[in-house]
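> This is the structure I have questions about; it appears just below.
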Amino acid sequence: MRPELKEYNLDKLFAATFRVARNLGSSTPGEIKNVLKYTPYVSGLLEPVLATGQPAVTFFDLFNDYYSNIINARENGKRVVMTTFCFDPSVFYAIDNLAPVTLEIGTALTSMLWKRGSADFMDYCTELGFSETGCSSQRGAMGAYLAGLGAEINLVALNMGGVCDTNANAYNFAAQYLDIPYYGLDYPSELTTEEVREYHHKDYRELINFLQENTGCKFDIDRLREVLEEKKKQDALMSEIDEMQRLVPNPVPGIYHIMIYAARYTYSGKKKFTKLLEEMTEIVRYNAVNGRSGLKNGVEKNRTFLVYIDNYALGISMFEWFEKKGISHMGNILSRTFNEAAPYTTGVPGTTYQIDTTSLDTMIDSLADINARMPMTRTIRGPYDAPNMWLEDSLSLAKQYSADCCLYNGTPGCRNTWSNIKLLSRDLEAMGYPTHIAHADSFDTRVETWEATQTRLEEFYQIRGLL
Ligand code: SF4
C-alpha cells in the first residue's frame, strides 16, 4: 500500500465527511455549490443525495452517528464487531457494548468517497495472502482495517458459511489474520422445511452464546424487544414504499434504494433509520397521490429491475445515467426485506419472516428467520432455478413492478451469480424480459470503465427498443 494512504484513518474520514454533509442541510444553494467545488472527491455522492432534501440530512446524520460510534467504541467501553451486509445488525444494538463495522458498506463508500484508497485497500488484502479472485465487496474496506487504518476489530460475526464461500472466506481470513474470535452462521441450500427452520434457530442461539461469551454482556430482553418493535415499523414503511413502486409512473426516486439499503445494513432497528424511512415515505406518498414520477425530470420512459446489485465503483453514475435517460430504478436484490407483508413474496409458506416479540425465545427465533432471509442468504442459497430462489424471485419482482427489462450488475468474484447469470438471463429473456449483463465490477473501477459500461448500456436500451 502506498505510504501516503497510511496517513488517513478511514472511519474518521467518513465520520468527518458525513458530519460536514449533514450540516449542509441548512446551507443555501450557493453555499452548497461552493462547498462541492472544493470537495471533488465526495461531490459525486453528496450532490445527488443532497438533492433529495430532508432525507439526505437524516441519511448523512445517520452515517455520521454510525462512524462516530465506531471511532469512539474503545473509549466508550464497546467491542467492535466486523460483519457483513447479509446479516441484520439489530442484534448488535440489543447488546449494549457492541459497535458493528459492515465491510461491504465501507467498501461501497470507499469506492464512492475515497477512490484513491479503494484499489490499494483491495490489493492490500491480496498482499497479505487473501485470494484476489474473491468478491471485491469485502476487500475494499477490509484492507483498511487489516492495515490498521480503522477501528481495532475485536470479533467477527456474520451470516454466510453455506451460501457464499467468498464472503465467508473473507471474514474468516480477517479473523485469522487479526487473531480474533469468529462465528459464521451456516445455511442449508433449502429454506422452507421444518428441519431447516430448526437448524437456523439452533445455529442462531450458538451465535448469541458466542456474542455473550466474547462481550461479557447478557442480552437485555427489553432492549431487544425495543429494537425489534422498531424494526417492525421499518419493515412496514419499506413495504409501503415497495407497494407504491408498483404505480405507473413509479413515484419512488431511484436513489432512495441505495440510501435505504445502506442505512438498513448499518442501522436496522435504530430510530434514526425509522426517521429516514418516514421522511421518504411521506415524499413518495405525495408523488403517488399526484401521479408524479420519482425521476427528476418527471418523465418515465422505462422501468428497469436490477436482478442483483447496483454499481458503486463509479460513484453513483449509474443512478445519474438512469435519471438522464428517464429510466425508473425498480430496486434490486438488496432492496428487499422478505417480511411477511412485503408485496412481492411468492406466497410459499416459510419464505418470509414474522417478528414476534412475545418472549425471548420468539424474539431469537425471529432474528434467526430474518437472517435466513437477508439478501443472498435467501435468494441464492440453492440452485438458481430451484423453488423460491433467484429465478423465481426475479420473475416475481419483475412482474410485480411491471419491469420493461432486467439488468445484472455484480462482481466477477461472485461465483454464486457469475456461474449461472447466463442461464438466468436466458430464462428471463424467454419470459419476455430483455436482460443485460454488465461486465463491470460493482466496487472496482479497474475492471471496466464507466465509459465502457455506459456504451454497452446505451447499445442495449437502443437496440432492444427500450427507450
Ligand atoms: S456478491 Fe456474490 S460473492 Fe459477494 S457477497 Fe454477494 S453472493 Fe457473495
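Quick note on naming: the chains in the C-alpha cells go A, B, ... in the order shown, residues restart at 1 in each chain, and ligands are numbered from 1 in order of appearance.
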List as a ChimeraX atom specification the protein and nucleic acid residues lying within 10 Å of ligand 1, with only C-alpha atoms and all ligand atoms counted.
/A:84-86,104,133-138,160,163-170,308-309,334,375-377,379-381,409-418,441-442
> Name the residues in contact with A:Leu185 at a cut-off of 8 Å, using only C-alpha atoms, excluding same-chain residues fewer than 3 positions from it; report them as a compact mmCIF listing (two decimals) with N, CA and C atoms, in the first residue's frame.

```txt
# COMPACT_ATOMS: atom_id res chain seq x y z
N LEU A 158 -21.12 -13.19 11.52
CA LEU A 158 -21.82 -12.95 10.26
C LEU A 158 -22.68 -14.13 9.82
N ASN A 159 -23.47 -13.87 8.81
CA ASN A 159 -24.19 -14.89 8.06
C ASN A 159 -23.23 -15.48 7.04
N MET A 160 -23.61 -16.55 6.36
CA MET A 160 -22.99 -16.88 5.09
C MET A 160 -22.42 -18.27 4.88
N GLY A 161 -21.74 -18.84 5.84
CA GLY A 161 -20.97 -20.06 5.59
C GLY A 161 -21.44 -20.90 4.41
N ASP A 203 -28.67 -22.68 15.34
CA ASP A 203 -27.42 -22.02 14.95
C ASP A 203 -27.39 -20.59 15.50
N TYR A 204 -28.54 -19.91 15.43
CA TYR A 204 -28.57 -18.52 15.91
C TYR A 204 -28.35 -18.44 17.42
N LEU A 207 -24.81 -18.49 18.02
CA LEU A 207 -24.24 -17.16 17.75
C LEU A 207 -24.42 -16.25 18.97
```
> Going by DSSP on the backbone, which bits of stretch 83-123 of chain A are strand (DSSP E)? Write them as a list in words, please.
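Filtering stretch 83-123 of chain A down to strand (DSSP E) leaves Thr83, Leu98, Ala99, Pro100, Val101 and Thr102 of chain A.
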> How would the residues just chosen look if you wrote them out with N, CA and C atoms as an mmCIF file, in the first residue's frame?

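New file selection_34.cif:
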```
data_model
loop_
_atom_site.group_PDB
_atom_site.id
_atom_site.type_symbol
_atom_site.label_atom_id
_atom_site.label_comp_id
_atom_site.auth_asym_id
_atom_site.auth_seq_id
_atom_site.Cartn_x
_atom_site.Cartn_y
_atom_site.Cartn_z
ATOM 1 N N THR A 83 -18.754 -7.321 10.506
ATOM 2 C CA THR A 83 -19.869 -8.121 9.996
ATOM 3 C C THR A 83 -20.151 -7.810 8.533
ATOM 4 N N LEU A 98 -21.619 -3.242 21.865
ATOM 5 C CA LEU A 98 -21.099 -3.659 20.558
ATOM 6 C C LEU A 98 -21.254 -2.559 19.505
ATOM 7 N N ALA A 99 -20.235 -2.360 18.711
ATOM 8 C CA ALA A 99 -20.322 -1.417 17.590
ATOM 9 C C ALA A 99 -20.002 -2.188 16.312
ATOM 10 N N PRO A 100 -20.996 -2.377 15.419
ATOM 11 C CA PRO A 100 -20.729 -3.143 14.195
ATOM 12 C C PRO A 100 -20.018 -2.338 13.108
ATOM 13 N N VAL A 101 -19.124 -3.011 12.399
ATOM 14 C CA VAL A 101 -18.483 -2.459 11.200
ATOM 15 C C VAL A 101 -18.926 -3.358 10.046
ATOM 16 N N THR A 102 -19.671 -2.811 9.097
ATOM 17 C CA THR A 102 -20.159 -3.615 7.968
ATOM 18 C C THR A 102 -19.236 -3.377 6.767
#
```
> So that I can check the surroundings of A:Ile95, please list as number ranges by chain every protein, DNA and RNA residue that reaches within 10 Å of it, counting only C-alpha atoms and ignoring chain neighbours fewer than 5 positions away.
A: 78, 90, 211-212, 215-221, 223-224
> Could you give me, as a PDB file with N, CA, C and O atoms, in the first residue's frame, the residues within 10 Å of A:Arg378, counting only C-alpha atoms and dropping anything in the same chain fewer than 3 positions from it?

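Output (result_32.pdb):
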```pdb
ATOM      1  N   CYS A  86     -25.116  -9.006   4.663  1.00  0.00           N
ATOM      2  CA  CYS A  86     -26.109 -10.081   4.615  1.00  0.00           C
ATOM      3  C   CYS A  86     -26.557 -10.468   6.020  1.00  0.00           C
ATOM      4  O   CYS A  86     -27.202 -11.502   6.198  1.00  0.00           O
ATOM      5  N   VAL A 163     -23.890 -20.308   2.074  1.00  0.00           N
ATOM      6  CA  VAL A 163     -24.401 -19.755   0.823  1.00  0.00           C
ATOM      7  C   VAL A 163     -23.342 -19.022   0.007  1.00  0.00           C
ATOM      8  O   VAL A 163     -23.370 -19.057  -1.217  1.00  0.00           O
ATOM      9  N   TYR A 187     -25.790 -22.140   6.339  1.00  0.00           N
ATOM     10  CA  TYR A 187     -27.053 -22.211   5.615  1.00  0.00           C
ATOM     11  C   TYR A 187     -27.227 -23.432   4.761  1.00  0.00           C
ATOM     12  O   TYR A 187     -26.447 -23.645   3.831  1.00  0.00           O
ATOM     13  N   SER A 189     -28.999 -25.557   1.721  1.00  0.00           N
ATOM     14  CA  SER A 189     -29.355 -24.995   0.415  1.00  0.00           C
ATOM     15  C   SER A 189     -30.865 -24.874   0.222  1.00  0.00           C
ATOM     16  O   SER A 189     -31.328 -24.404  -0.799  1.00  0.00           O
ATOM     17  N   GLU A 190     -31.636 -25.292   1.221  1.00  0.00           N
ATOM     18  CA  GLU A 190     -33.093 -25.186   1.137  1.00  0.00           C
ATOM     19  C   GLU A 190     -33.540 -24.172   2.186  1.00  0.00           C
ATOM     20  O   GLU A 190     -32.770 -23.796   3.060  1.00  0.00           O
ATOM     21  N   LEU A 191     -34.783 -23.701   2.092  1.00  0.00           N
ATOM     22  CA  LEU A 191     -35.192 -22.654   3.039  1.00  0.00           C
ATOM     23  C   LEU A 191     -36.445 -22.983   3.841  1.00  0.00           C
ATOM     24  O   LEU A 191     -36.587 -22.540   4.974  1.00  0.00           O
ATOM     25  N   ILE A 333     -31.889  -6.832  -5.549  1.00  0.00           N
ATOM     26  CA  ILE A 333     -31.957  -7.880  -4.530  1.00  0.00           C
ATOM     27  C   ILE A 333     -31.710  -7.308  -3.120  1.00  0.00           C
ATOM     28  O   ILE A 333     -32.182  -7.839  -2.121  1.00  0.00           O
ATOM     29  N   PHE A 338     -38.324  -9.286   2.568  1.00  0.00           N
ATOM     30  CA  PHE A 338     -38.995 -10.581   2.722  1.00  0.00           C
ATOM     31  C   PHE A 338     -39.667 -10.735   4.081  1.00  0.00           C
ATOM     32  O   PHE A 338     -39.722 -11.819   4.650  1.00  0.00           O
ATOM     33  N   THR A 351     -41.204 -18.822   3.296  1.00  0.00           N
ATOM     34  CA  THR A 351     -40.265 -17.981   2.546  1.00  0.00           C
ATOM     35  C   THR A 351     -40.124 -16.588   3.142  1.00  0.00           C
ATOM     36  O   THR A 351     -39.248 -15.838   2.747  1.00  0.00           O
ATOM     37  N   THR A 352     -41.033 -16.244   4.053  1.00  0.00           N
ATOM     38  CA  THR A 352     -40.962 -14.906   4.650  1.00  0.00           C
ATOM     39  C   THR A 352     -40.723 -15.038   6.160  1.00  0.00           C
ATOM     40  O   THR A 352     -40.728 -16.134   6.693  1.00  0.00           O
ATOM     41  N   ILE A 370     -35.177 -13.799  10.225  1.00  0.00           N
ATOM     42  CA  ILE A 370     -34.826 -12.595   9.447  1.00  0.00           C
ATOM     43  C   ILE A 370     -33.501 -12.836   8.731  1.00  0.00           C
ATOM     44  O   ILE A 370     -33.359 -12.597   7.532  1.00  0.00           O
ATOM     45  N   ASN A 371     -32.525 -13.324   9.488  1.00  0.00           N
ATOM     46  CA  ASN A 371     -31.192 -13.512   8.899  1.00  0.00           C
ATOM     47  C   ASN A 371     -31.169 -14.552   7.790  1.00  0.00           C
ATOM     48  O   ASN A 371     -30.404 -14.437   6.838  1.00  0.00           O
ATOM     49  N   ALA A 372     -32.041 -15.546   7.909  1.00  0.00           N
ATOM     50  CA  ALA A 372     -32.099 -16.559   6.854  1.00  0.00           C
ATOM     51  C   ALA A 372     -32.723 -15.999   5.578  1.00  0.00           C
ATOM     52  O   ALA A 372     -32.694 -16.638   4.532  1.00  0.00           O
ATOM     53  N   ARG A 373     -33.303 -14.794   5.684  1.00  0.00           N
ATOM     54  CA  ARG A 373     -33.962 -14.198   4.519  1.00  0.00           C
ATOM     55  C   ARG A 373     -33.331 -12.867   4.116  1.00  0.00           C
ATOM     56  O   ARG A 373     -33.956 -12.031   3.482  1.00  0.00           O
ATOM     57  N   MET A 374     -32.087 -12.693   4.509  1.00  0.00           N
ATOM     58  CA  MET A 374     -31.377 -11.484   4.082  1.00  0.00           C
ATOM     59  C   MET A 374     -30.961 -11.680   2.618  1.00  0.00           C
ATOM     60  O   MET A 374     -30.943 -12.802   2.114  1.00  0.00           O
ATOM     61  N   PRO A 375     -30.616 -10.578   1.924  1.00  0.00           N
ATOM     62  CA  PRO A 375     -30.206 -10.712   0.527  1.00  0.00           C
ATOM     63  C   PRO A 375     -29.106 -11.752   0.396  1.00  0.00           C
ATOM     64  O   PRO A 375     -28.248 -11.864   1.263  1.00  0.00           O
ATOM     65  N   ARG A 381     -29.128 -19.197  -2.127  1.00  0.00           N
ATOM     66  CA  ARG A 381     -28.556 -20.269  -1.302  1.00  0.00           C
ATOM     67  C   ARG A 381     -28.575 -21.618  -2.021  1.00  0.00           C
ATOM     68  O   ARG A 381     -27.842 -22.526  -1.662  1.00  0.00           O
ATOM     69  N   GLY A 382     -29.455 -21.744  -2.999  1.00  0.00           N
ATOM     70  CA  GLY A 382     -29.574 -23.021  -3.709  1.00  0.00           C
ATOM     71  C   GLY A 382     -29.468 -22.802  -5.205  1.00  0.00           C
ATOM     72  O   GLY A 382     -29.134 -21.709  -5.656  1.00  0.00           O
ATOM     73  N   ASN A 388     -38.305 -20.790  -4.938  1.00  0.00           N
ATOM     74  CA  ASN A 388     -38.024 -19.608  -4.101  1.00  0.00           C
ATOM     75  C   ASN A 388     -36.622 -19.040  -4.253  1.00  0.00           C
ATOM     76  O   ASN A 388     -36.178 -18.276  -3.420  1.00  0.00           O
ATOM     77  N   MET A 389     -35.928 -19.435  -5.267  1.00  0.00           N
ATOM     78  CA  MET A 389     -34.559 -18.930  -5.426  1.00  0.00           C
ATOM     79  C   MET A 389     -34.509 -17.810  -6.474  1.00  0.00           C
ATOM     80  O   MET A 389     -35.508 -17.234  -6.814  1.00  0.00           O
ATOM     81  N   TRP A 390     -33.333 -17.565  -6.975  1.00  0.00           N
ATOM     82  CA  TRP A 390     -33.062 -16.352  -7.748  1.00  0.00           C
ATOM     83  C   TRP A 390     -34.012 -16.144  -8.931  1.00  0.00           C
ATOM     84  O   TRP A 390     -34.543 -15.053  -9.131  1.00  0.00           O
ATOM     85  N   ASP A 393     -37.682 -15.491  -7.699  1.00  0.00           N
ATOM     86  CA  ASP A 393     -37.760 -14.168  -7.088  1.00  0.00           C
ATOM     87  C   ASP A 393     -37.668 -13.069  -8.145  1.00  0.00           C
ATOM     88  O   ASP A 393     -38.415 -12.090  -8.114  1.00  0.00           O
TER      89      ASP A 393
END
```
> Which residue gives the smallest distance to A:Ala21 among A:Ser366, A:Gln400, A:Ser419, A:Thr39, with only C-alpha atoms counted?
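The shortest atom-to-atom distance to A:Ala21 comes from A:Thr39.
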> Taking a cut-off of 10 Å and counting only C-alpha atoms, can you build a table that, for each residue of stretch 94-189 of chain A near stretch 444-452 of chain A, reports the nearest atom pair and how far apart they are in Å (one decimal), sorted by chain then residue number, as a tab-separated table?

```
residue	atom	partner	partner_atom	distance
A:Thr107	CA	A:Asp444	CA	9.5
A:Ala108	CA	A:Asp444	CA	9.4
A:Ser111	CA	A:Asp444	CA	7.3
A:Lys115	CA	A:Thr445	CA	9.0
A:Ser118	CA	A:Asp444	CA	7.7
A:Ala119	CA	A:Asp444	CA	6.9
A:Met122	CA	A:Asp444	CA	8.6
A:Ser136	CA	A:Asp444	CA	6.9
A:Ser137	CA	A:Asp444	CA	8.7
A:Arg139	CA	A:Asp444	CA	9.9
A:Gly140	CA	A:Asp444	CA	8.4
```
> Give me a file of those residues, with C-alpha atoms, as a PDB file, in the first residue's frame.

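Generated output (out-v4.pdb):
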```
ATOM      1  CA  THR A 107     -16.223  -0.782   0.519  1.00  0.00           C
ATOM      2  CA  ALA A 108     -19.051   0.926  -1.380  1.00  0.00           C
ATOM      3  CA  SER A 111     -15.407   3.356  -3.924  1.00  0.00           C
ATOM      4  CA  LYS A 115     -11.421   6.329  -4.718  1.00  0.00           C
ATOM      5  CA  SER A 118     -10.188   1.823  -2.818  1.00  0.00           C
ATOM      6  CA  ALA A 119      -7.854  -0.152  -5.118  1.00  0.00           C
ATOM      7  CA  MET A 122      -8.334  -4.261  -2.162  1.00  0.00           C
ATOM      8  CA  SER A 136     -14.488  -7.254  -4.112  1.00  0.00           C
ATOM      9  CA  SER A 137     -17.306  -6.123  -1.827  1.00  0.00           C
ATOM     10  CA  ARG A 139     -11.844  -6.308   0.210  1.00  0.00           C
ATOM     11  CA  GLY A 140     -12.195  -2.527  -0.261  1.00  0.00           C
TER      12      GLY A 140
END
```
> Can I get the residues of stretch 258-311 of chain A within 10 Å of stretch 459-466 of chain A, each with the closest pair of atoms and their distance in Å to one decimal, using only C-alpha atoms, sorted chain first then ascending number, as a tab-separated table?

```
residue	atom	partner	partner_atom	distance
A:Lys301	CA	A:Leu466	CA	8.2
A:Asn302	CA	A:Leu466	CA	6.6
A:Arg303	CA	A:Leu466	CA	9.1
A:Thr304	CA	A:Leu466	CA	9.6
```
> Between A:Tyr124, A:Tyr401, A:Tyr265, A:Tyr183, which has the minimum distance to A:Arg246 (counting only C-alpha atoms)?
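Using only C-alpha atoms, A:Arg246 sits closest to A:Tyr401.
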> Check the smallest atom-to-atom distance from each of A:Ala151, A:Met142, A:Met244, A:Leu62 to A:Arg74 using only C-alpha atoms, then report the winner.
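The shortest atom-to-atom distance to A:Arg74 comes from A:Ala151.
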> Using only C-alpha atoms, determine which residues lie at most 8 Å from A:Thr281, disregarding the query and same-chain residues fewer than 4 positions distant; provide the list as JSON, numbers by chain.
{"A": [237, 240, 241, 277, 285]}
> Pick out each residue of stretch 74-229 of chain A that DSSP on the backbone tags as alpha helix (DSSP H); I need them as an NGL selection string.
:A and (90-93 or 103-113 or 115-127 or 136-146 or 165-178 or 194-215 or 221-229)
> Give me a file of those residues, with C-alpha atoms, as a PDB file, in the first residue's frame.

```
ATOM      1  CA  SER A  90     -30.199  -5.168  15.007  1.00  0.00           C
ATOM      2  CA  VAL A  91     -28.956  -7.942  17.305  1.00  0.00           C
ATOM      3  CA  PHE A  92     -25.743  -5.980  17.934  1.00  0.00           C
ATOM      4  CA  TYR A  93     -27.744  -2.979  19.079  1.00  0.00           C
ATOM      5  CA  LEU A 103     -17.438  -4.176   5.403  1.00  0.00           C
ATOM      6  CA  GLU A 104     -19.475  -4.022   2.189  1.00  0.00           C
ATOM      7  CA  ILE A 105     -20.955  -0.648   3.108  1.00  0.00           C
ATOM      8  CA  GLY A 106     -17.432   0.556   3.879  1.00  0.00           C
ATOM      9  CA  THR A 107     -16.223  -0.782   0.519  1.00  0.00           C
ATOM     10  CA  ALA A 108     -19.051   0.926  -1.380  1.00  0.00           C
ATOM     11  CA  LEU A 109     -18.334   4.186   0.461  1.00  0.00           C
ATOM     12  CA  THR A 110     -14.624   3.806  -0.212  1.00  0.00           C
ATOM     13  CA  SER A 111     -15.407   3.356  -3.924  1.00  0.00           C
ATOM     14  CA  MET A 112     -17.612   6.441  -3.880  1.00  0.00           C
ATOM     15  CA  LEU A 113     -15.820   8.769  -1.462  1.00  0.00           C
ATOM     16  CA  LYS A 115     -11.421   6.329  -4.718  1.00  0.00           C
ATOM     17  CA  ARG A 116      -7.685   6.741  -4.304  1.00  0.00           C
ATOM     18  CA  GLY A 117      -7.792   4.357  -1.362  1.00  0.00           C
ATOM     19  CA  SER A 118     -10.188   1.823  -2.818  1.00  0.00           C
ATOM     20  CA  ALA A 119      -7.854  -0.152  -5.118  1.00  0.00           C
ATOM     21  CA  ASP A 120      -4.945   0.000  -2.652  1.00  0.00           C
ATOM     22  CA  PHE A 121      -7.109  -1.450   0.105  1.00  0.00           C
ATOM     23  CA  MET A 122      -8.334  -4.261  -2.162  1.00  0.00           C
ATOM     24  CA  ASP A 123      -4.790  -5.085  -3.224  1.00  0.00           C
ATOM     25  CA  TYR A 124      -3.509  -4.921   0.330  1.00  0.00           C
ATOM     26  CA  CYS A 125      -5.697  -7.933   1.226  1.00  0.00           C
ATOM     27  CA  THR A 126      -4.024  -9.824  -1.611  1.00  0.00           C
ATOM     28  CA  GLU A 127      -0.575  -8.740  -0.428  1.00  0.00           C
ATOM     29  CA  SER A 136     -14.488  -7.254  -4.112  1.00  0.00           C
ATOM     30  CA  SER A 137     -17.306  -6.123  -1.827  1.00  0.00           C
ATOM     31  CA  GLN A 138     -15.399  -7.032   1.325  1.00  0.00           C
ATOM     32  CA  ARG A 139     -11.844  -6.308   0.210  1.00  0.00           C
ATOM     33  CA  GLY A 140     -12.195  -2.527  -0.261  1.00  0.00           C
ATOM     34  CA  ALA A 141     -12.792  -1.803   3.407  1.00  0.00           C
ATOM     35  CA  MET A 142     -11.179  -4.962   4.763  1.00  0.00           C
ATOM     36  CA  GLY A 143      -7.756  -3.842   3.517  1.00  0.00           C
ATOM     37  CA  ALA A 144      -8.027  -0.646   5.532  1.00  0.00           C
ATOM     38  CA  TYR A 145      -8.916  -2.476   8.767  1.00  0.00           C
ATOM     39  CA  LEU A 146      -6.222  -5.109   8.246  1.00  0.00           C
ATOM     40  CA  ASP A 165     -17.945 -19.071   0.124  1.00  0.00           C
ATOM     41  CA  THR A 166     -16.077 -15.935  -0.912  1.00  0.00           C
ATOM     42  CA  ASN A 167     -17.843 -13.790   1.669  1.00  0.00           C
ATOM     43  CA  ALA A 168     -17.317 -16.335   4.441  1.00  0.00           C
ATOM     44  CA  ASN A 169     -13.675 -16.789   3.440  1.00  0.00           C
ATOM     45  CA  ALA A 170     -13.000 -13.053   3.517  1.00  0.00           C
ATOM     46  CA  TYR A 171     -14.246 -12.742   7.102  1.00  0.00           C
ATOM     47  CA  ASN A 172     -12.536 -15.964   8.093  1.00  0.00           C
ATOM     48  CA  PHE A 173      -9.282 -14.620   6.674  1.00  0.00           C
ATOM     49  CA  ALA A 174      -9.696 -11.348   8.581  1.00  0.00           C
ATOM     50  CA  ALA A 175     -10.376 -13.213  11.837  1.00  0.00           C
ATOM     51  CA  GLN A 176      -7.320 -15.400  11.383  1.00  0.00           C
ATOM     52  CA  TYR A 177      -5.072 -12.529  10.368  1.00  0.00           C
ATOM     53  CA  LEU A 178      -6.201 -10.395  13.305  1.00  0.00           C
ATOM     54  CA  GLU A 194     -39.174 -27.510   9.405  1.00  0.00           C
ATOM     55  CA  GLU A 195     -35.787 -29.190   9.658  1.00  0.00           C
ATOM     56  CA  VAL A 196     -34.070 -26.156   8.107  1.00  0.00           C
ATOM     57  CA  ARG A 197     -36.048 -23.793  10.321  1.00  0.00           C
ATOM     58  CA  GLU A 198     -34.904 -25.656  13.414  1.00  0.00           C
ATOM     59  CA  TYR A 199     -31.339 -25.668  12.167  1.00  0.00           C
ATOM     60  CA  HIS A 200     -31.387 -21.868  11.751  1.00  0.00           C
ATOM     61  CA  HIS A 201     -32.892 -21.380  15.203  1.00  0.00           C
ATOM     62  CA  LYS A 202     -30.268 -23.572  16.891  1.00  0.00           C
ATOM     63  CA  ASP A 203     -27.421 -22.021  14.946  1.00  0.00           C
ATOM     64  CA  TYR A 204     -28.574 -18.522  15.907  1.00  0.00           C
ATOM     65  CA  ARG A 205     -28.620 -19.485  19.587  1.00  0.00           C
ATOM     66  CA  GLU A 206     -24.998 -20.557  19.240  1.00  0.00           C
ATOM     67  CA  LEU A 207     -24.240 -17.158  17.750  1.00  0.00           C
ATOM     68  CA  ILE A 208     -25.851 -15.499  20.756  1.00  0.00           C
ATOM     69  CA  ASN A 209     -23.734 -17.616  23.106  1.00  0.00           C
ATOM     70  CA  PHE A 210     -20.687 -16.570  21.113  1.00  0.00           C
ATOM     71  CA  LEU A 211     -21.595 -12.882  21.388  1.00  0.00           C
ATOM     72  CA  GLN A 212     -22.292 -13.129  25.092  1.00  0.00           C
ATOM     73  CA  GLU A 213     -19.047 -15.006  25.758  1.00  0.00           C
ATOM     74  CA  ASN A 214     -16.976 -12.534  23.784  1.00  0.00           C
ATOM     75  CA  THR A 215     -18.523  -9.340  25.084  1.00  0.00           C
ATOM     76  CA  ILE A 221     -34.695  -8.546  26.786  1.00  0.00           C
ATOM     77  CA  ASP A 222     -36.371  -5.146  26.958  1.00  0.00           C
ATOM     78  CA  ARG A 223     -33.772  -3.629  24.716  1.00  0.00           C
ATOM     79  CA  LEU A 224     -34.074  -6.467  22.228  1.00  0.00           C
ATOM     80  CA  ARG A 225     -37.856  -6.031  22.185  1.00  0.00           C
ATOM     81  CA  GLU A 226     -37.457  -2.300  21.631  1.00  0.00           C
ATOM     82  CA  VAL A 227     -35.081  -2.891  18.715  1.00  0.00           C
ATOM     83  CA  LEU A 228     -37.407  -5.463  17.123  1.00  0.00           C
ATOM     84  CA  GLU A 229     -40.507  -3.294  17.577  1.00  0.00           C
TER      85      GLU A 229
END
```
